[in-house]
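Pasting run-v5.cif here (mmCIF, C-alpha atoms):
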data_coords
#
loop_
_atom_site.group_PDB
_atom_site.id
_atom_site.type_symbol
_atom_site.label_atom_id
_atom_site.label_comp_id
_atom_site.auth_asym_id
_atom_site.auth_seq_id
_atom_site.Cartn_x
_atom_site.Cartn_y
_atom_site.Cartn_z
ATOM 1 C CA MET A 1 127.538 124.891 76.573
ATOM 2 C CA THR A 2 124.444 126.094 74.710
ATOM 3 C CA ARG A 3 121.487 126.376 77.031
ATOM 4 C CA LYS A 4 118.418 124.520 75.824
ATOM 5 C CA LYS A 5 115.101 123.350 77.138
ATOM 6 C CA TYR A 6 115.010 119.693 78.089
ATOM 7 C CA ASP A 7 111.550 118.128 78.055
ATOM 8 C CA ASN A 8 112.788 115.296 80.254
ATOM 9 C CA ILE A 9 113.633 117.817 83.009
ATOM 10 C CA SER A 10 110.035 119.009 83.117
ATOM 11 C CA ILE A 11 108.749 115.440 83.209
ATOM 12 C CA LEU A 12 111.168 114.408 85.961
ATOM 13 C CA ARG A 13 110.376 117.494 88.033
ATOM 14 C CA VAL A 14 106.648 116.787 87.835
ATOM 15 C CA LEU A 15 107.284 113.139 88.800
ATOM 16 C CA ALA A 16 109.405 114.268 91.768
ATOM 17 C CA CYS A 17 106.569 116.504 92.937
ATOM 18 C CA ILE A 18 104.022 113.679 92.610
ATOM 19 C CA CYS A 19 106.354 111.380 94.562
ATOM 20 C CA VAL A 20 106.654 113.801 97.487
ATOM 21 C CA PHE A 21 102.890 114.339 97.462
ATOM 22 C CA SER A 22 102.221 110.598 97.438
ATOM 23 C CA VAL A 23 104.307 109.861 100.519
ATOM 24 C CA HIS A 24 102.409 112.448 102.568
ATOM 25 C CA LEU A 25 99.077 111.301 101.163
ATOM 26 C CA GLY A 26 99.849 107.680 102.048
ATOM 27 C CA GLN A 27 100.564 108.715 105.641
ATOM 28 C CA ARG A 28 97.246 110.589 105.979
ATOM 29 C CA MET A 29 95.259 107.789 104.370
ATOM 30 C CA GLU A 30 97.015 105.300 106.682
ATOM 31 C CA LEU A 31 97.601 102.936 103.793
ATOM 32 C CA LYS A 32 98.986 99.469 104.488
ATOM 33 C CA GLY A 33 101.004 96.807 102.735
ATOM 34 C CA SER A 34 102.427 97.108 99.247
ATOM 35 C CA ILE A 35 100.436 100.255 98.438
ATOM 36 C CA ARG A 36 101.975 102.009 101.452
ATOM 37 C CA SER A 37 105.424 100.814 100.405
ATOM 38 C CA LEU A 38 104.781 102.333 96.986
ATOM 39 C CA THR A 39 103.692 105.710 98.391
ATOM 40 C CA ASP A 40 106.571 105.711 100.900
ATOM 41 C CA PHE A 41 108.954 105.330 97.974
ATOM 42 C CA GLY A 42 107.864 108.859 97.082
ATOM 43 C CA ALA A 43 110.232 110.156 99.766
ATOM 44 C CA TYR A 44 113.040 109.677 97.245
ATOM 45 C CA GLY A 45 111.407 112.364 95.115
ATOM 46 C CA VAL A 46 113.191 114.941 97.282
ATOM 47 C CA TYR A 47 116.553 113.554 96.146
ATOM 48 C CA LEU A 48 115.427 113.663 92.530
ATOM 49 C CA PHE A 49 114.807 117.379 93.112
ATOM 50 C CA PHE A 50 118.348 117.723 94.508
ATOM 51 C CA VAL A 51 119.904 115.978 91.504
ATOM 52 C CA LEU A 52 117.884 118.062 89.034
ATOM 53 C CA SER A 53 118.772 121.255 90.914
ATOM 54 C CA GLY A 54 122.490 120.460 90.776
ATOM 55 C CA PHE A 55 122.250 120.064 87.014
ATOM 56 C CA LEU A 56 119.978 123.044 86.348
ATOM 57 C CA ALA A 57 121.811 125.410 88.690
ATOM 58 C CA CYS A 58 125.021 124.946 86.703
ATOM 59 C CA LEU A 59 123.117 125.357 83.447
ATOM 60 C CA ASN A 60 121.480 128.596 84.611
ATOM 61 C CA TYR A 61 124.625 130.117 86.112
ATOM 62 C CA GLU A 62 126.847 129.652 83.079
ATOM 63 C CA ASN A 63 125.816 132.889 81.384
ATOM 64 C CA GLY A 64 128.314 135.011 83.320
ATOM 65 C CA CYS A 65 125.945 136.868 85.660
ATOM 66 C CA SER A 66 127.410 138.321 88.842
ATOM 67 C CA ILE A 67 127.181 136.413 92.118
ATOM 68 C CA LEU A 68 124.822 138.993 93.636
ATOM 69 C CA ASP A 69 122.518 138.911 90.615
ATOM 70 C CA TYR A 70 122.436 135.120 90.755
ATOM 71 C CA TRP A 71 121.610 135.132 94.481
ATOM 72 C CA LYS A 72 118.850 137.694 93.903
ATOM 73 C CA LYS A 73 117.292 135.603 91.121
ATOM 74 C CA ARG A 74 117.377 132.469 93.257
ATOM 75 C CA ALA A 75 115.933 134.323 96.256
ATOM 76 C CA ILE A 76 113.086 135.725 94.163
ATOM 77 C CA ARG A 77 112.402 132.238 92.808
ATOM 78 C CA ILE A 78 112.406 130.440 96.164
ATOM 79 C CA LEU A 79 111.687 132.734 99.086
ATOM 80 C CA PRO A 80 108.304 134.407 98.310
ATOM 81 C CA VAL A 81 106.420 131.080 98.353
ATOM 82 C CA TYR A 82 108.428 129.899 101.349
ATOM 83 C CA TYR A 83 107.611 133.000 103.405
ATOM 84 C CA LEU A 84 103.953 132.893 102.410
ATOM 85 C CA VAL A 85 103.808 129.365 103.847
ATOM 86 C CA ILE A 86 105.675 130.392 107.021
ATOM 87 C CA ILE A 87 103.450 133.450 107.564
ATOM 88 C CA TYR A 88 100.429 131.169 107.266
ATOM 89 C CA GLY A 89 102.013 128.883 109.886
ATOM 90 C CA ILE A 90 102.599 131.774 112.277
ATOM 91 C CA ILE A 91 98.996 132.970 111.906
ATOM 92 C CA LEU A 92 97.565 129.476 112.418
ATOM 93 C CA HIS A 93 99.760 128.171 115.240
ATOM 94 C CA LEU A 94 100.629 131.351 117.097
ATOM 95 C CA VAL A 95 97.626 133.629 116.576
ATOM 96 C CA ILE A 96 94.673 131.258 116.072
ATOM 97 C CA MET A 97 95.725 128.098 117.955
ATOM 98 C CA LYS A 98 97.872 130.063 120.440
ATOM 99 C CA GLU A 99 100.603 127.415 120.455
ATOM 100 C CA TRP A 100 103.926 128.280 122.065
ATOM 101 C CA ARG A 101 106.015 125.141 122.017
ATOM 102 C CA LEU A 102 109.270 124.645 123.847
ATOM 103 C CA ASP A 103 112.404 126.070 122.260
ATOM 104 C CA GLU A 104 115.428 125.882 124.537
ATOM 105 C CA LEU A 105 117.233 128.595 122.544
ATOM 106 C CA HIS A 106 114.157 130.881 122.507
ATOM 107 C CA LEU A 107 114.336 131.419 118.768
ATOM 108 C CA TYR A 108 110.863 130.052 118.052
ATOM 109 C CA TRP A 109 109.587 131.279 114.651
ATOM 110 C CA LEU A 110 112.846 133.115 113.999
ATOM 111 C CA ARG A 111 114.210 129.687 113.134
ATOM 112 C CA TYR A 112 112.046 129.720 110.010
ATOM 113 C CA LEU A 113 112.176 133.440 109.289
ATOM 114 C CA LEU A 114 115.990 133.417 109.369
ATOM 115 C CA LEU A 115 116.279 129.979 107.701
ATOM 116 C CA LEU A 116 117.925 128.488 110.787
ATOM 117 C CA ASN A 117 115.432 125.668 111.261
ATOM 118 C CA CYS A 118 117.764 122.922 110.072
ATOM 119 C CA ILE A 119 121.097 123.852 111.634
ATOM 120 C CA VAL A 120 120.285 125.191 115.109
ATOM 121 C CA PRO A 121 119.614 122.430 117.707
ATOM 122 C CA ARG A 122 115.970 122.047 118.748
ATOM 123 C CA ALA A 123 114.059 120.201 121.463
ATOM 124 C CA VAL A 124 110.859 119.548 119.503
ATOM 125 C CA GLU A 125 111.831 117.516 116.437
ATOM 126 C CA GLY A 126 109.635 118.238 113.434
ATOM 127 C CA TYR A 127 107.886 121.331 114.752
ATOM 128 C CA TRP A 128 110.924 123.594 114.852
ATOM 129 C CA ASN A 129 112.776 122.187 111.867
ATOM 130 C CA ASN A 130 110.325 120.693 109.369
ATOM 131 C CA LEU A 131 106.935 122.349 109.627
ATOM 132 C CA TYR A 132 105.282 122.146 106.178
ATOM 133 C CA ALA A 133 108.179 120.030 104.907
ATOM 134 C CA THR A 134 110.389 123.140 104.748
ATOM 135 C CA TRP A 135 113.651 121.445 105.758
ATOM 136 C CA THR A 136 114.574 121.133 102.091
ATOM 137 C CA ILE A 137 114.282 124.882 101.477
ATOM 138 C CA PHE A 138 117.263 125.587 103.698
ATOM 139 C CA ILE A 139 119.221 122.872 101.856
ATOM 140 C CA PHE A 140 118.401 124.497 98.516
ATOM 141 C CA VAL A 141 119.376 127.942 99.806
ATOM 142 C CA PHE A 142 122.625 126.533 101.210
ATOM 143 C CA PHE A 143 123.491 124.955 97.852
ATOM 144 C CA TYR A 144 122.590 128.019 95.778
ATOM 145 C CA PHE A 145 124.666 130.218 98.064
ATOM 146 C CA PHE A 146 127.792 128.146 97.457
ATOM 147 C CA LEU A 147 127.181 127.313 93.788
ATOM 148 C CA PRO A 148 129.050 130.364 92.372
ATOM 149 C CA PHE A 149 132.122 129.371 94.384
ATOM 150 C CA ILE A 150 131.773 125.737 93.292
ATOM 151 C CA LYS A 151 131.536 126.823 89.634
ATOM 152 C CA SER A 152 134.632 129.014 90.002
ATOM 153 C CA TRP A 153 136.619 125.912 90.999
ATOM 154 C CA VAL A 154 134.896 123.125 89.075
ATOM 155 C CA LYS A 155 135.347 123.784 85.373
ATOM 156 C CA THR A 156 135.690 120.312 83.830
ATOM 157 C CA PHE A 157 134.123 116.887 84.015
ATOM 158 C CA LYS A 158 137.188 115.409 85.753
ATOM 159 C CA ILE A 159 137.212 118.065 88.461
ATOM 160 C CA SER A 160 133.475 117.516 89.032
ATOM 161 C CA ILE A 161 134.284 113.879 89.859
ATOM 162 C CA VAL A 162 136.896 115.054 92.380
ATOM 163 C CA MET A 163 134.327 117.471 93.820
ATOM 164 C CA GLU A 164 131.798 114.669 94.313
ATOM 165 C CA ILE A 165 134.378 112.474 96.067
ATOM 166 C CA LEU A 166 135.094 115.395 98.420
ATOM 167 C CA PHE A 167 131.360 115.828 99.080
ATOM 168 C CA ILE A 168 131.047 112.137 99.958
ATOM 169 C CA LEU A 169 134.086 112.323 102.270
ATOM 170 C CA LEU A 170 132.685 115.424 103.990
ATOM 171 C CA THR A 171 129.401 113.578 104.466
ATOM 172 C CA GLN A 172 131.197 110.683 106.153
ATOM 173 C CA ILE A 173 133.096 113.103 108.406
ATOM 174 C CA SER A 174 129.813 114.757 109.403
ATOM 175 C CA ILE A 175 128.257 111.371 110.178
ATOM 176 C CA MET A 176 131.339 110.385 112.223
ATOM 177 C CA TYR A 177 130.732 113.433 114.411
ATOM 178 C CA GLY A 178 127.121 112.449 114.972
ATOM 179 C CA GLY A 179 125.505 114.207 112.003
ATOM 180 C CA GLY A 180 123.010 117.036 112.253
ATOM 181 C CA GLY A 181 123.707 120.491 113.621
ATOM 182 C CA TRP A 182 125.928 122.904 111.750
ATOM 183 C CA LEU A 183 127.439 120.204 109.509
ATOM 184 C CA TRP A 184 124.094 118.731 108.512
ATOM 185 C CA PRO A 185 123.613 120.681 105.203
ATOM 186 C CA ILE A 186 126.968 119.382 103.944
ATOM 187 C CA GLU A 187 125.572 115.834 103.973
ATOM 188 C CA TYR A 188 123.215 116.764 101.114
ATOM 189 C CA MET A 189 125.775 118.348 98.810
ATOM 190 C CA GLN A 190 126.646 114.909 97.398
ATOM 191 C CA PHE A 191 123.185 114.713 95.790
ATOM 192 C CA PHE A 192 123.552 118.094 94.105
ATOM 193 C CA GLY A 193 127.056 117.010 93.119
ATOM 194 C CA ILE A 194 125.642 114.062 91.189
ATOM 195 C CA GLY A 195 123.645 116.536 89.089
ATOM 196 C CA ILE A 196 126.677 118.796 88.646
ATOM 197 C CA ILE A 197 128.647 115.874 87.187
ATOM 198 C CA ALA A 198 125.815 115.345 84.678
ATOM 199 C CA TYR A 199 126.085 118.984 83.605
ATOM 200 C CA PHE A 200 129.823 118.717 82.933
ATOM 201 C CA ALA A 201 129.336 115.347 81.221
ATOM 202 C CA ILE A 202 127.136 117.091 78.672
ATOM 203 C CA LYS A 203 129.338 120.183 78.469
ATOM 204 C CA ASP A 204 132.544 118.180 77.896
ATOM 205 C CA LYS A 205 130.822 115.533 75.740
ATOM 206 C CA LYS A 206 131.527 112.800 78.285
ATOM 207 C CA ILE A 207 128.036 111.366 78.626
ATOM 208 C CA THR A 208 129.102 107.804 77.802
ATOM 209 C CA VAL A 209 132.006 108.002 80.252
ATOM 210 C CA ALA A 210 129.690 109.439 82.910
ATOM 211 C CA MET A 211 127.195 106.605 82.397
ATOM 212 C CA TRP A 212 129.975 104.046 82.844
ATOM 213 C CA ILE A 213 131.169 105.797 86.016
ATOM 214 C CA TYR A 214 127.637 106.077 87.431
ATOM 215 C CA GLY A 215 126.973 102.439 86.526
ATOM 216 C CA SER A 216 130.184 101.269 88.195
ATOM 217 C CA PHE A 217 129.439 103.145 91.399
ATOM 218 C CA LEU A 218 125.852 101.904 91.331
ATOM 219 C CA LEU A 219 127.045 98.299 91.076
ATOM 220 C CA ILE A 220 129.515 98.769 93.948
ATOM 221 C CA PHE A 221 126.894 100.509 96.101
ATOM 222 C CA LEU A 222 124.351 97.756 95.426
ATOM 223 C CA ILE A 223 126.870 95.104 96.468
ATOM 224 C CA TYR A 224 127.583 96.987 99.702
ATOM 225 C CA ARG A 225 124.084 98.407 100.099
ATOM 226 C CA ASP A 226 123.923 97.457 103.779
ATOM 227 C CA SER A 227 126.457 100.195 104.489
ATOM 228 C CA ILE A 228 125.418 102.645 101.737
ATOM 229 C CA SER A 229 122.477 105.027 101.950
ATOM 230 C CA MET A 230 119.640 104.082 99.595
ATOM 231 C CA THR A 231 119.189 107.793 98.898
ATOM 232 C CA LEU A 232 122.622 107.811 97.236
ATOM 233 C CA ILE A 233 121.821 104.680 95.225
ATOM 234 C CA TYR A 234 118.514 106.077 93.951
ATOM 235 C CA SER A 235 120.116 109.450 93.207
ATOM 236 C CA ILE A 236 122.563 107.700 90.869
ATOM 237 C CA ILE A 237 119.659 105.880 89.209
ATOM 238 C CA PHE A 238 117.859 109.220 88.817
ATOM 239 C CA VAL A 239 120.831 110.905 87.150
ATOM 240 C CA MET A 240 121.290 107.959 84.784
ATOM 241 C CA ILE A 241 117.636 108.368 83.789
ATOM 242 C CA LEU A 242 118.275 112.099 83.344
ATOM 243 C CA LEU A 243 121.219 111.531 81.001
ATOM 244 C CA GLY A 244 119.562 108.605 79.240
ATOM 245 C CA THR A 245 116.449 110.624 78.353
ATOM 246 C CA LEU A 246 118.108 113.902 77.290
ATOM 247 C CA ASN A 247 116.811 113.629 73.738
ATOM 248 C CA THR A 248 113.254 112.921 74.850
ATOM 249 C CA GLN A 249 110.806 115.272 73.175
ATOM 250 C CA ILE A 250 107.107 115.564 73.897
ATOM 251 C CA ARG A 251 105.780 115.721 70.357
ATOM 252 C CA HIS A 252 102.084 115.917 71.209
ATOM 253 C CA LEU A 253 101.365 119.647 71.620
ATOM 254 C CA LYS A 254 98.581 119.269 74.201
ATOM 255 C CA ALA A 255 100.609 116.790 76.240
ATOM 256 C CA LYS A 256 103.619 119.122 76.199
ATOM 257 C CA THR A 257 101.494 122.112 77.206
ATOM 258 C CA PHE A 258 100.036 120.091 80.076
ATOM 259 C CA ILE A 259 103.463 118.929 81.331
ATOM 260 C CA LEU A 260 104.893 122.453 81.133
ATOM 261 C CA PHE A 261 101.855 123.770 83.016
ATOM 262 C CA LEU A 262 102.372 121.209 85.795
ATOM 263 C CA ASP A 263 106.093 121.979 85.855
ATOM 264 C CA LYS A 264 105.341 125.691 86.246
ATOM 265 C CA TYR A 265 103.399 124.950 89.444
ATOM 266 C CA SER A 266 105.656 122.160 90.747
ATOM 267 C CA TYR A 267 107.554 124.216 93.344
ATOM 268 C CA THR A 268 104.411 125.984 94.557
ATOM 269 C CA PHE A 269 102.603 122.648 94.803
ATOM 270 C CA TYR A 270 105.609 121.145 96.594
ATOM 271 C CA LEU A 271 105.227 123.584 99.493
ATOM 272 C CA SER A 272 101.491 124.253 99.362
ATOM 273 C CA HIS A 273 100.406 120.629 99.614
ATOM 274 C CA ALA A 274 101.980 120.369 103.086
ATOM 275 C CA ILE A 275 99.501 122.961 104.364
ATOM 276 C CA ILE A 276 96.593 120.880 103.059
ATOM 277 C CA MET A 277 98.065 117.796 104.738
ATOM 278 C CA GLU A 278 98.089 119.695 108.030
ATOM 279 C CA VAL A 279 94.461 120.731 107.448
ATOM 280 C CA ILE A 280 93.604 117.048 107.006
ATOM 281 C CA ASP A 281 95.395 116.239 110.285
ATOM 282 C CA LEU A 282 93.384 118.934 112.099
ATOM 283 C CA ILE A 283 90.076 117.684 110.656
ATOM 284 C CA LYS A 284 90.897 114.085 111.618
ATOM 285 C CA LYS A 285 91.234 115.118 115.269
ATOM 286 C CA ASN A 286 87.484 115.828 115.405
ATOM 287 C CA TYR A 287 85.968 113.913 112.507
ATOM 288 C CA ILE A 288 86.324 110.509 110.870
ATOM 289 C CA LEU A 289 87.344 110.828 107.247
ATOM 290 C CA SER A 290 87.183 108.047 104.687
ATOM 291 C CA LYS A 291 90.261 107.329 102.591
ATOM 292 C CA PHE A 292 88.457 108.688 99.551
ATOM 293 C CA SER A 293 87.601 111.921 101.372
ATOM 294 C CA ILE A 294 91.221 112.379 102.433
ATOM 295 C CA MET A 295 92.432 111.794 98.886
ATOM 296 C CA LEU A 296 89.864 114.230 97.483
ATOM 297 C CA ILE A 297 90.707 116.963 100.003
ATOM 298 C CA ALA A 298 94.442 116.439 99.459
ATOM 299 C CA ILE A 299 94.313 116.611 95.655
ATOM 300 C CA LEU A 300 91.725 119.347 95.163
ATOM 301 C CA GLY A 301 92.920 121.379 98.149
ATOM 302 C CA SER A 302 96.549 121.260 97.027
ATOM 303 C CA ILE A 303 95.660 122.264 93.463
ATOM 304 C CA PHE A 304 93.476 125.160 94.628
ATOM 305 C CA LEU A 305 95.985 126.423 97.187
ATOM 306 C CA SER A 306 98.840 126.155 94.693
ATOM 307 C CA TYR A 307 96.881 128.357 92.294
ATOM 308 C CA ILE A 308 96.252 130.964 95.014
ATOM 309 C CA VAL A 309 99.847 130.935 96.248
ATOM 310 C CA LYS A 310 101.243 131.115 92.705
ATOM 311 C CA ASN A 311 99.152 134.205 91.989
ATOM 312 C CA CYS A 312 100.370 135.825 95.218
ATOM 313 C CA GLU A 313 103.950 134.928 94.299
ATOM 314 C CA ASN A 314 103.539 136.492 90.848
ATOM 315 C CA LYS A 315 102.278 139.729 92.368
ATOM 316 C CA ILE A 316 105.171 139.852 94.841
ATOM 317 C CA THR A 317 107.697 139.115 92.094
ATOM 318 C CA LYS A 318 106.241 141.814 89.825
ATOM 319 C CA GLN A 319 106.497 144.345 92.640
ATOM 320 C CA LEU A 320 110.111 143.407 93.299
ATOM 321 C CA PHE A 321 111.060 143.770 89.632
ATOM 322 C CA LYS A 322 109.062 147.013 89.377
ATOM 323 C CA ARG A 323 111.020 148.512 92.277
ATOM 324 C CA LYS A 324 114.271 147.317 90.749
ATOM 325 C CA ARG A 325 113.480 149.032 87.444
ATOM 326 C CA LEU A 326 112.508 152.244 89.259
ATOM 327 C CA ASN A 327 115.764 152.234 91.199
ATOM 328 C CA GLU A 328 117.761 151.712 87.997
ATOM 329 C CA SER A 329 115.976 154.490 86.109
#
Would you mind writing the file out in structure tokens?
Amino acid sequence: MTRKKYDNISILRVLACICVFSVHLGQRMELKGSIRSLTDFGAYGVYLFFVLSGFLACLNYENGCSILDYWKKRAIRILPVYYLVIIYGIILHLVIMKEWRLDELHLYWLRYLLLLNCIVPRAVEGYWNNLYATWTIFIFVFFYFFLPFIKSWVKTFKISIVMEILFILLTQISIMYGGGGWLWPIEYMQFFGIGIIAYFAIKDKKITVAMWIYGSFLLIFLIYRDSISMTLIYSIIFVMILLGTLNTQIRHLKAKTFILFLDKYSYTFYLSHAIIMEVIDLIKKNYILSKFSIMLIAILGSIFLSYIVKNCENKITKQLFKRKRLNES
């Protein structure tokens, strides 16, 4: 399958980032009614990221690179920003605020440093597993770790369907055993799997068939939606939008440049904005902030911090590649 740039991917990734931002902004602004329902819908943006990642990961891995090289590239793409955010958290909570919250296993910040925050049991929910909305980073790392093995088995559109059925069955088994813990990451593989099917649908020229299959499952899930997760239903809608807009091209040069610029910062913004949301929470403990002030701090603060973090990430990445070239020479 010839690798190409899809404008719709950039647009969808930017929309996913805005969705995640909006849900956290709505919480800080304490919005009510239909507006709050709209911002809360942004939580599904995370699952749009999962679907897009399933598709793009297969697209990026198809060039025959070794497993170790692939893992290194993914680590360099994901971990520098993640660890910058975690180091900030350690400085703020441990050094400045001198917080030392309960951890029955005595792992404390090692949970984040070793990417164990989502699979090791914890007493304080949120603090030791999702500070700065980092629970998704472990899920991404888990998926990228196993992707080379998935690609070695899944080679056709039909087998990708079988793979997705297995993911859904594994999810149900995990839920039967109470969910969470060591099996918890498996529950999210079904969302990446939806994106993987889209990749093979394009590769094997089965887009129409895939749309019929997605549509059929969507209809069944909507009929039995009381017993089906809405995240799965929306993920299917997202992938149908992905496949249905493949030929979308941003023809206006300035608009395309702007979208690509936003897309470039989407991951950095995704993590950085959570720090600004925490800053807003800390300010609100001592001062009364208007909704407009909260919105202004959230938007401008997130943009500014994303720029700073991105520059730091670029410097770290350049150093890593510089050392690699020196070692190879």
Coordinates-based distance that separates atom CA of Ile139 of chain A from atom CA of His106 of chain A (Å, one decimal):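 Interatomic distance, atom CA of His106 of chain A to atom CA of Ile139 of chain A: 22.7 Å.
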With a cut-off of 12 Å, could you pull out the residues of segment 213-267 of chain A touching segment 78-95 of chain A and give me the nearest pair of atoms for each, distance in Å to one decimal, using all atoms listed in the file, ordered by chain and ascending number, as a Markdown table?
| residue | atom | partner | partner_atom | distance |
| --- | --- | --- | --- | --- |
| A:Tyr265 | CA | A:Val81 | CA | 11.2 |
| A:Ser266 | CA | A:Val81 | CA | 11.7 |
| A:Tyr267 | CA | A:Ile78 | CA | 8.4 |
Here's a test: counting only C-alpha atoms, identify every protein, DNA and RNA residue with an atom at most 10 Å from (118.5, 120.5, 104.5) in the file's coordinate frame, and state them as a PyMOL selection string. chain A and resi 117-119+129-130+134-143+180+184-189
Could you please determine the separation between atom CA of Ile308 of chain A and atom CA of Ile11 of chain A in Å, to one decimal place?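 Interatomic distance, atom CA of Ile308 of chain A to atom CA of Ile11 of chain A: 23.2 Å.
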Using only C-alpha atoms: which of A:Val20, A:Ile175, A:Ser216, A:Ser10 has the shortest distance to Thr257 of chain A: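 The answer is A:Ser10, which sits nearest to Thr257 of chain A.
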Of the residues A:Tyr6, A:Thr208, A:Val23, A:Trp109, which is the one nearest to Ala298 of chain A, using only C-alpha atoms?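 When distances to Ala298 of chain A are compared using only C-alpha atoms, the smallest one comes from A:Val23.
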Which one is closest to Tyr234 of chain A: A:Phe304, A:Tyr177, A:Phe191, A:Tyr270? Count only C-alpha atoms. A:Phe191
Nearby residues (all atoms listed in the file) at most 8 Å from segment 50-65 of chain A, same-chain spacing under 5 positions excluded, as a PDB file with C-alpha atoms, in the coordinates of the input:
ATOM      1  CA  ARG A   3     121.487 126.376  77.031  1.00  0.00           C
ATOM      2  CA  ILE A   9     113.633 117.817  83.009  1.00  0.00           C
ATOM      3  CA  ARG A  13     110.376 117.494  88.033  1.00  0.00           C
ATOM      4  CA  TYR A  70     122.436 135.120  90.755  1.00  0.00           C
ATOM      5  CA  PHE A 140     118.401 124.497  98.516  1.00  0.00           C
ATOM      6  CA  TYR A 144     122.590 128.019  95.778  1.00  0.00           C
ATOM      7  CA  LEU A 147     127.181 127.313  93.788  1.00  0.00           C
ATOM      8  CA  PRO A 148     129.050 130.364  92.372  1.00  0.00           C
ATOM      9  CA  LYS A 151     131.536 126.823  89.634  1.00  0.00           C
ATOM     10  CA  PHE A 191     123.185 114.713  95.790  1.00  0.00           C
ATOM     11  CA  PHE A 192     123.552 118.094  94.105  1.00  0.00           C
ATOM     12  CA  GLY A 193     127.056 117.010  93.119  1.00  0.00           C
ATOM     13  CA  ILE A 194     125.642 114.062  91.189  1.00  0.00           C
ATOM     14  CA  GLY A 195     123.645 116.536  89.089  1.00  0.00           C
ATOM     15  CA  ILE A 196     126.677 118.796  88.646  1.00  0.00           C
ATOM     16  CA  ILE A 197     128.647 115.874  87.187  1.00  0.00           C
ATOM     17  CA  ALA A 198     125.815 115.345  84.678  1.00  0.00           C
ATOM     18  CA  TYR A 199     126.085 118.984  83.605  1.00  0.00           C
ATOM     19  CA  SER A 235     120.116 109.450  93.207  1.00  0.00           C
ATOM     20  CA  PHE A 238     117.859 109.220  88.817  1.00  0.00           C
ATOM     21  CA  VAL A 239     120.831 110.905  87.150  1.00  0.00           C
TER      22      VAL A 239
END
When distances are computed from all atoms listed in the file, which of A:Phe149, A:Ser160, A:His273, A:Lys291 shows the smallest separation from Lys32 of chain A?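 Answer, going by the shortest atom-to-atom distance: A:Lys291.
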Please evaluate the PyMOL selection byres ((chain A and resi 277) around 9) against the displayed coordinates and give the resulting residues as a PyMOL selection string. chain A and resi 24-25+28+132+273-276+278-282+297-298+302
Selection: 12 Å around Val162 of chain A, all atoms listed in the file, excl. self and same-chain fewer than 3 positions, as a PDB file with C-alpha atoms, keeping the file's coordinate frame:
ATOM      1  CA  ILE A 150     131.773 125.737  93.292  1.00  0.00           C
ATOM      2  CA  TRP A 153     136.619 125.912  90.999  1.00  0.00           C
ATOM      3  CA  VAL A 154     134.896 123.125  89.075  1.00  0.00           C
ATOM      4  CA  LYS A 155     135.347 123.784  85.373  1.00  0.00           C
ATOM      5  CA  THR A 156     135.690 120.312  83.830  1.00  0.00           C
ATOM      6  CA  PHE A 157     134.123 116.887  84.015  1.00  0.00           C
ATOM      7  CA  LYS A 158     137.188 115.409  85.753  1.00  0.00           C
ATOM      8  CA  ILE A 159     137.212 118.065  88.461  1.00  0.00           C
ATOM      9  CA  ILE A 165     134.378 112.474  96.067  1.00  0.00           C
ATOM     10  CA  LEU A 166     135.094 115.395  98.420  1.00  0.00           C
ATOM     11  CA  PHE A 167     131.360 115.828  99.080  1.00  0.00           C
ATOM     12  CA  ILE A 168     131.047 112.137  99.958  1.00  0.00           C
ATOM     13  CA  LEU A 169     134.086 112.323 102.270  1.00  0.00           C
ATOM     14  CA  GLN A 190     126.646 114.909  97.398  1.00  0.00           C
ATOM     15  CA  GLY A 193     127.056 117.010  93.119  1.00  0.00           C
ATOM     16  CA  ILE A 194     125.642 114.062  91.189  1.00  0.00           C
ATOM     17  CA  ILE A 196     126.677 118.796  88.646  1.00  0.00           C
ATOM     18  CA  ILE A 197     128.647 115.874  87.187  1.00  0.00           C
TER      19      ILE A 197
END
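The interatomic distance for the pair atom CA of Cys312 of chain A and atom CA of Asp69 of chain A works out to 22.8 Å.
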Calculate, to one decimal in Å, the centre and edge lengths of the box along x, y and z of the file that holds all listed atoms of segment 251-270 of chain A with 4 Å of margin on each side, and present them as JSON.
{"center_x": 103.1, "center_y": 120.9, "center_z": 83.5, "size_x": 17.0, "size_y": 18.3, "size_z": 34.2}
Considering only C-alpha atoms, state which residue in the set A:Gln27, A:Leu115, A:Gln172, A:Met97 is at the smallest distance from Thr39 of chain A.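 Nearest to Thr39 of chain A: A:Gln27.
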Using the chain letters and numbers from this file, what does the PyMOL selection byres ((chain A and resi 7) around 12) select? Give the answer as a tab-separated table (two decimals) with C-alpha atoms, in the frame of the given file.
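As a result, selection.tsv now contains:
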chain	number	residue	atom	x	y	z
A	4	LYS	CA	118.42	124.52	75.82
A	5	LYS	CA	115.10	123.35	77.14
A	6	TYR	CA	115.01	119.69	78.09
A	8	ASN	CA	112.79	115.30	80.25
A	9	ILE	CA	113.63	117.82	83.01
A	10	SER	CA	110.04	119.01	83.12
A	11	ILE	CA	108.75	115.44	83.21
A	12	LEU	CA	111.17	114.41	85.96
A	13	ARG	CA	110.38	117.49	88.03
A	14	VAL	CA	106.65	116.79	87.84
A	242	LEU	CA	118.28	112.10	83.34
A	245	THR	CA	116.45	110.62	78.35
A	246	LEU	CA	118.11	113.90	77.29
A	247	ASN	CA	116.81	113.63	73.74
A	248	THR	CA	113.25	112.92	74.85
A	249	GLN	CA	110.81	115.27	73.18
A	250	ILE	CA	107.11	115.56	73.90
A	251	ARG	CA	105.78	115.72	70.36
A	252	HIS	CA	102.08	115.92	71.21
A	255	ALA	CA	100.61	116.79	76.24
A	256	LYS	CA	103.62	119.12	76.20
A	257	THR	CA	101.49	122.11	77.21
A	258	PHE	CA	100.04	120.09	80.08
A	259	ILE	CA	103.46	118.93	81.33
A	260	LEU	CA	104.89	122.45	81.13
A	263	ASP	CA	106.09	121.98	85.86
